[in-house]
Every structure is written in C-alpha cells, then in structure tokens.
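Source file: run_35.cif (mmCIF, C-alpha atoms)
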data_upload
#
loop_
_atom_site.label_atom_id
_atom_site.label_comp_id
_atom_site.auth_asym_id
_atom_site.auth_seq_id
_atom_site.Cartn_x
_atom_site.Cartn_y
_atom_site.Cartn_z
CA MET A 1 26.35 -3.44 -5.81
CA LYS A 2 27.52 -6.81 -4.50
CA ASN A 3 29.33 -6.87 -1.18
CA LYS A 4 32.18 -9.18 -2.16
CA LYS A 5 34.32 -8.06 0.79
CA MET A 6 31.79 -9.39 3.26
CA LYS A 7 31.38 -12.65 1.39
CA ILE A 8 35.16 -13.18 1.23
CA ALA A 9 35.56 -12.33 4.93
CA ARG A 10 32.79 -14.78 5.80
CA ILE A 11 34.31 -17.57 3.73
CA GLU A 12 37.76 -16.84 5.18
CA ALA A 13 36.31 -17.11 8.68
CA GLU A 14 34.71 -20.41 7.62
CA VAL A 15 31.28 -19.26 8.64
CA SER A 16 28.19 -20.21 6.67
CA GLN A 17 25.48 -17.67 5.87
CA GLU A 18 23.19 -19.53 8.23
CA ARG A 19 25.69 -19.45 11.10
CA LEU A 20 26.46 -15.75 10.56
CA ALA A 21 22.74 -15.01 10.51
CA GLU A 22 22.32 -16.88 13.79
CA ILE A 23 25.22 -14.97 15.41
CA VAL A 24 23.95 -11.52 14.42
CA GLY A 25 20.27 -12.36 14.99
CA VAL A 26 18.80 -12.09 11.49
CA THR A 27 17.50 -14.59 8.95
CA ARG A 28 19.78 -16.30 6.42
CA GLN A 29 17.91 -14.50 3.64
CA THR A 30 18.95 -11.12 5.09
CA VAL A 31 22.63 -12.10 5.07
CA ASN A 32 22.25 -13.34 1.50
CA LEU A 33 20.58 -10.07 0.43
CA ILE A 34 23.34 -8.00 2.07
CA GLU A 35 26.03 -10.00 0.26
CA SER A 36 24.22 -9.72 -3.05
CA GLY A 37 23.80 -5.95 -2.54
CA ASN A 38 20.03 -6.05 -2.49
CA TYR A 39 19.60 -4.84 1.07
CA ASN A 40 21.26 -1.96 2.91
CA PRO A 41 21.76 -3.01 6.53
CA SER A 42 21.50 -0.58 9.42
CA LEU A 43 24.72 0.64 11.05
CA LYS A 44 23.87 -1.52 14.09
CA LEU A 45 23.69 -4.66 11.95
CA CYS A 46 26.89 -3.70 10.07
CA ILE A 47 28.72 -3.42 13.40
CA GLU A 48 27.38 -6.79 14.55
CA ILE A 49 28.51 -8.43 11.29
CA CYS A 50 31.96 -6.85 11.66
CA ARG A 51 32.22 -8.14 15.24
CA ALA A 52 31.12 -11.62 14.18
CA LEU A 53 33.72 -11.75 11.39
CA ASN A 54 36.40 -9.94 13.40
CA LYS A 55 36.72 -7.12 10.85
CA THR A 56 36.25 -3.35 10.86
CA LEU A 57 33.51 -1.37 9.15
CA ASN A 58 36.13 -0.09 6.70
CA ASP A 59 37.17 -3.66 5.86
CA LEU A 60 33.65 -4.79 4.98
CA PHE A 61 31.52 -1.83 4.04
CA TRP A 62 33.72 0.99 2.76
CA GLU A 63 33.88 1.41 -1.01
CA GLU A 64 36.96 3.13 -2.44
CA MET B 1 12.98 -8.43 20.87
CA SER B 2 14.10 -10.72 23.69
CA GLY B 3 12.70 -14.16 24.37
CA GLU B 4 11.20 -13.17 27.71
CA LYS B 5 9.49 -10.20 26.11
CA ILE B 6 7.86 -12.41 23.47
CA VAL B 7 6.69 -14.90 26.12
CA LYS B 8 5.36 -12.05 28.30
CA GLU B 9 3.56 -10.45 25.34
CA THR B 10 2.02 -13.77 24.27
CA LYS B 11 0.88 -14.48 27.85
CA THR B 12 -0.74 -11.03 28.08
CA VAL B 13 -2.55 -11.52 24.75
CA MET B 14 -3.72 -14.95 25.89
CA ILE B 15 -5.03 -13.75 29.27
CA VAL B 16 -6.75 -10.64 27.89
CA SER B 17 -8.40 -12.51 25.03
CA LEU B 18 -9.47 -15.32 27.39
CA ILE B 19 -11.11 -12.81 29.74
CA VAL B 20 -12.83 -10.95 26.87
CA GLY B 21 -13.95 -14.24 25.29
CA PHE B 22 -15.38 -15.62 28.53
CA VAL B 23 -17.12 -12.34 29.39
CA LEU B 24 -18.79 -12.26 25.96
CA LEU B 25 -19.68 -15.94 26.18
CA THR B 26 -21.12 -15.62 29.70
CA VAL B 27 -23.11 -12.49 28.86
CA GLY B 28 -24.39 -14.18 25.70
CA LEU B 29 -25.41 -17.37 27.52
CA VAL B 30 -26.97 -15.58 30.50
CA SER B 31 -28.91 -13.11 28.37
CA ARG B 32 -30.12 -15.97 26.17
CA GLN B 33 -31.14 -18.05 29.17
CA PHE B 34 -33.08 -15.25 30.88
CA ASP B 35 -34.35 -13.61 27.67
CA ILE B 36 -32.63 -10.29 28.35
CA ALA B 37 -32.46 -8.30 25.12
CA LEU B 38 -29.06 -6.58 25.29
CA ILE B 39 -28.83 -6.41 21.50
CA SER B 40 -31.24 -7.39 18.73
CA ASP B 41 -30.02 -11.02 18.75
CA ASN B 42 -28.03 -12.43 21.63
CA LYS B 43 -26.58 -15.08 19.34
CA ALA B 44 -24.21 -12.34 18.08
CA LEU B 45 -22.50 -12.23 21.50
CA LEU B 46 -21.85 -15.96 21.37
CA ALA B 47 -20.44 -15.62 17.85
CA LEU B 48 -18.29 -12.64 18.90
CA SER B 49 -16.80 -14.62 21.79
CA LEU B 50 -15.31 -17.09 19.28
CA LEU B 51 -12.81 -14.53 18.00
CA PRO B 52 -11.01 -13.75 21.31
CA LEU B 53 -11.23 -17.41 22.35
CA SER B 54 -9.51 -18.49 19.11
CA LEU B 55 -6.87 -15.81 19.65
CA ALA B 56 -6.27 -17.17 23.16
CA PHE B 57 -5.97 -20.68 21.72
CA VAL B 58 -3.43 -19.55 19.11
CA SER B 59 -1.39 -17.78 21.83
CA PHE B 60 -1.54 -20.92 23.95
CA LEU B 61 -0.24 -23.01 21.03
CA LYS B 62 2.59 -20.51 20.44
CA LEU B 63 3.55 -20.63 24.14
CA SER B 64 3.53 -24.43 24.29
CA LYS B 65 5.62 -24.57 21.10
CA ILE B 66 8.17 -22.19 22.64
CA LYS B 67 8.31 -24.23 25.87
CA LYS B 68 8.72 -27.53 24.03
CA SER B 69 11.58 -26.42 21.81
CA PRO B 70 13.88 -23.49 22.70
CA GLN B 71 15.40 -23.75 19.20
CA LYS B 72 12.03 -22.82 17.74
CA MET B 73 11.90 -19.91 20.15
CA ARG B 74 15.21 -18.66 18.76
CA SER B 75 13.85 -18.84 15.21
CA ILE B 76 10.66 -17.01 16.30
CA ILE B 77 12.77 -14.30 17.98
CA ILE B 78 14.92 -13.91 14.86
CA LYS B 79 11.84 -13.67 12.61
CA GLU B 80 10.32 -11.03 14.88
CA SER B 81 13.50 -8.99 15.32
CA ASP B 82 15.16 -9.21 11.89
CA GLU B 83 15.38 -5.53 10.88
CA ARG B 84 14.60 -6.32 7.22
CA LEU B 85 11.45 -8.26 8.09
CA VAL B 86 10.42 -5.64 10.64
CA ALA B 87 10.83 -2.94 7.97
CA LEU B 88 8.81 -5.03 5.49
CA ASN B 89 6.04 -5.54 8.05
CA ASN B 90 5.97 -1.84 8.89
CA GLU B 91 5.75 -0.95 5.21
CA ALA B 92 2.89 -3.40 4.69
CA ASP B 93 1.11 -2.03 7.77
CA ALA B 94 1.57 1.55 6.57
CA LYS B 95 0.19 0.72 3.11
CA THR B 96 -2.78 -1.13 4.61
CA PHE B 97 -3.48 1.84 6.87
CA LYS B 98 -3.33 4.28 3.92
CA ILE B 99 -5.77 2.13 1.92
CA LEU B 100 -8.16 1.83 4.87
CA GLN B 101 -7.93 5.58 5.45
CA GLY B 102 -8.82 6.16 1.79
CA VAL B 103 -11.77 3.77 2.04
CA LEU B 104 -12.92 5.55 5.19
CA PHE B 105 -12.61 8.91 3.44
CA LEU B 106 -14.65 7.68 0.46
CA ALA B 107 -17.25 6.09 2.75
CA TYR B 108 -17.62 9.33 4.71
CA PHE B 109 -18.01 11.48 1.58
CA GLY B 110 -20.33 8.99 -0.08
CA TYR B 111 -22.51 8.73 3.00
CA THR B 112 -22.64 12.51 3.45
CA PHE B 113 -23.60 13.16 -0.19
CA ILE B 114 -26.03 10.27 -0.56
CA PHE B 115 -27.79 10.75 2.79
CA PRO B 116 -27.47 14.47 3.62
CA GLN B 117 -30.45 14.23 5.97
CA GLU B 118 -28.41 11.94 8.26
CA VAL B 119 -25.54 14.43 8.74
CA PHE B 120 -25.16 15.19 12.49
CA GLU B 121 -28.15 12.90 13.09
CA SER B 122 -27.35 9.22 12.59
CA VAL B 123 -24.96 7.10 14.66
CA GLY B 124 -23.35 5.74 11.48
CA TRP B 125 -22.37 9.23 10.30
CA TRP B 126 -20.84 10.06 13.69
CA ILE B 127 -18.93 6.78 13.80
CA LEU B 128 -17.54 7.43 10.30
CA ILE B 129 -16.39 10.97 11.09
CA ILE B 130 -14.87 9.93 14.42
CA LEU B 131 -12.96 7.09 12.73
CA LEU B 132 -11.80 9.38 9.90
CA LEU B 133 -10.65 12.18 12.21
CA GLY B 134 -9.14 9.62 14.58
CA SER B 135 -7.12 8.07 11.76
CA MET B 136 -5.78 11.53 10.88
CA PHE B 137 -5.01 12.88 14.35
CA LEU B 138 -3.88 9.67 16.07
CA GLN B 139 -1.14 9.27 13.44
CA GLY B 140 0.33 12.64 14.42
CA ILE B 141 -0.12 12.01 18.15
CA PHE B 142 1.64 8.63 17.96
CA ARG B 143 4.45 10.09 15.84
CA HIS B 144 4.97 12.76 18.51
CA LEU B 145 4.86 10.20 21.37
CA ILE B 146 7.29 7.83 19.62
CA CYS B 147 9.69 10.70 18.87
CA LYS B 148 9.50 11.76 22.52
CA SER B 149 10.13 8.24 23.84
CA ASN B 150 13.03 7.78 21.39
CA SER B 151 14.66 11.04 22.48
CA ASN B 152 14.13 10.07 26.14
CA ASP B 153 15.80 6.70 25.47
CA GLY B 154 18.72 8.54 23.85
CA MET B 155 19.12 10.78 26.90
CA ASN B 156 19.01 7.84 29.32
CA GLU B 157 21.81 5.99 27.52
#

Show this structure as structure tokens.
Amino acid sequence: MKNKKMKIARIEAEVSQERLAEIVGVTRQTVNLIESGNYNPSLKLCIEICRALNKTLNDLFWEE
Amino acid sequence: MSGEKIVKETKTVMIVSLIVGFVLLTVGLVSRQFDIALISDNKALLALSLLPLSLAFVSFLKLSKIKKSPQKMRSIIIKESDERLVALNNEADAKTFKILQGVLFLAYFGYTFIFPQEVFESVGWWILIILLLGSMFLQGIFRHLICKSNSNDGMNE
C-alpha cells in the first residue's frame, strides 16, 4: 500500500527524496520504496522520518 | 555505522592484510632462495601473498578516496548503514551460507560413501567433518553470543 501521507508531508515540507534520504541516513531508493509501499521501514527509521518532516508517527504511518 | 568506525575498520583490514601478505611473501622468497621445502612448491606461497596484498591495496584506495572527498565518505556510510541494504546483504549472506553448507554436506556424504577406507584416516575427511560440524555449531554459538550482547546493550541503555 502506497504511503501517500509521507509523500504529501515531504512535498509540503519542500524536501526532495534525496534530501530526506540524506537527513535520515538512507539511500534515495529506500525513501522511494517506503513511499511506494514496497518497503516496511523499522520503527527507528519511521521516527527519524517523522522528526525530519516535523510530523508524528500517527500523521505519517497510521492507517485508519 | 559512523565514519570513524569505517575508517578504523578499513585501517585494521589494511594493516592485517599487509602483514599477512608480507609474511607470506617473505617466507616464500626465503624458502625459495635457500631451497627449504615448506610445502611441495614454494611458488604457492608467493601466489598466496597476492591475495592479502591486493586486499591491502583496495583498503588503501578506499581510505585515500575517503580522505580526498568527505562527501564520498558520507555516501559510503549511507550505503553501509542503510537498513534496507544491510537487510539485503544479510539475506544474501545467509543464502550463500546455506548453499555452502549444503555443498559441504553433500561433499562429506559423497566422500564417506565413495572412499569408506579413508573415514577417520585421511586429512581430507577430517577437514570436511570439522567444517561441516563447525558450520552447524558455530551458527548456534554466534546466535547465542549476539543475543547476549544485544540484551547487555539493552540493559546498559
């Protein structure tokens, strides 16, 4: 399942996939795979992404 | 993995492989010069020294690349610490190990059935059984040690 929330939050924060990858310490491909729903990140990486985008885990990774 | 850790690890690999390479090369050259028969052909020692020396050279290149451009160091660190790539590498390593273990198992059984007279007698048979048992028991031992170190890390935090 695609993670649209993360993609929207990233675009809103005006951060490119490459820049976000650099901030959280992964490759751009990993960020792309998370957004396209093809990779399940660890909780540690989820928290780092949330911190980088100034969001909570609920905002980005919780599915209703 | 931090940058310093990568540099330290690369330096260690370079130094150890340099020492091993030079020891093999020196022993090979000396034994060739004085006609000391350490193994059937001393040329093998010279050939064997090439492997650690090349490893030392590769480590040296990696270190000089890191020193020249810190940006490249960042990309190396990311490639070595990206959890997805680490998981992929671990999976590939595990599959390779399973295949090698299977090959070892087949080699041991084949050798035992084809040459029953060599069981408990030949060096080759002993090496095969030690490698096979080692591959089985070391896995469990390492799992236990890693679990222990992880739980110790958890307690320290």

Legend entry - Non-local contacts of Leu24 of chain B (12 Å; only C-alpha atoms; under 2 positions in same chain excluded) as number ranges by chain: B: 17-22, 26-32, 38, 42-53

Inset, instruction - Would you mind listing what lies within 12 Å of segment 30-45 of chain A as a PyMOL selection string, with all atoms listed in the file counted and same-chain residues fewer than 3 positions away left out? - result: (chain A and resi 1-11+15-27+48-52+57+60-61) or (chain B and resi 78-79+81-88)

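Atom CA of Lys5 of chain B is positioned 24.0 Å from atom CA of Ile47 of chain A.
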
Inset, instruction - Might you pull out every residue within 6 Å of segment 122-139 of chain B, with only C-alpha atoms counted and same-chain residues fewer than 3 positions away left off, and present them as a PyMOL selection string? - result: chain B and resi 108+118+142

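For the pair atom CA of Glu12 of chain A and atom CA of Ile77 of chain B, the separation is 28.2 Å.
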
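Restricting the calculation to only C-alpha atoms, the smallest distance between chain A and any of B:Asn90, B:Ser151, B:Ser54, B:Gln71 is found for B:Gln71.
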
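Atom CA of Glu4 of chain B lies 11.2 Å from atom CA of Arg74 of chain B.
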
Inset, instruction - Rank B:Thr10, B:Ser69, B:Ser75, B:Gln101 by their smallest atom-to-atom distance to chain A, using only C-alpha atoms, and report the top residue only. - result: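 For chain A, the nearest of the candidates is B:Ser75.
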
Inset, instruction - Check the smallest atom-to-atom distance from each of A:Leu53, A:Glu63, A:Asn58, A:Gln29 to chain B using only C-alpha atoms, then report the winner. - result: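 Checking each of A:Leu53, A:Glu63, A:Asn58, A:Gln29 against chain B, counting only C-alpha atoms, the winner is A:Gln29.
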
Legend entry - Residues in the PyMOL selection byres ((chain B and resi 60-62) around 12), expressed as number ranges by chain: B: 6-15, 17-18, 53-59, 63-70, 72-73, 76
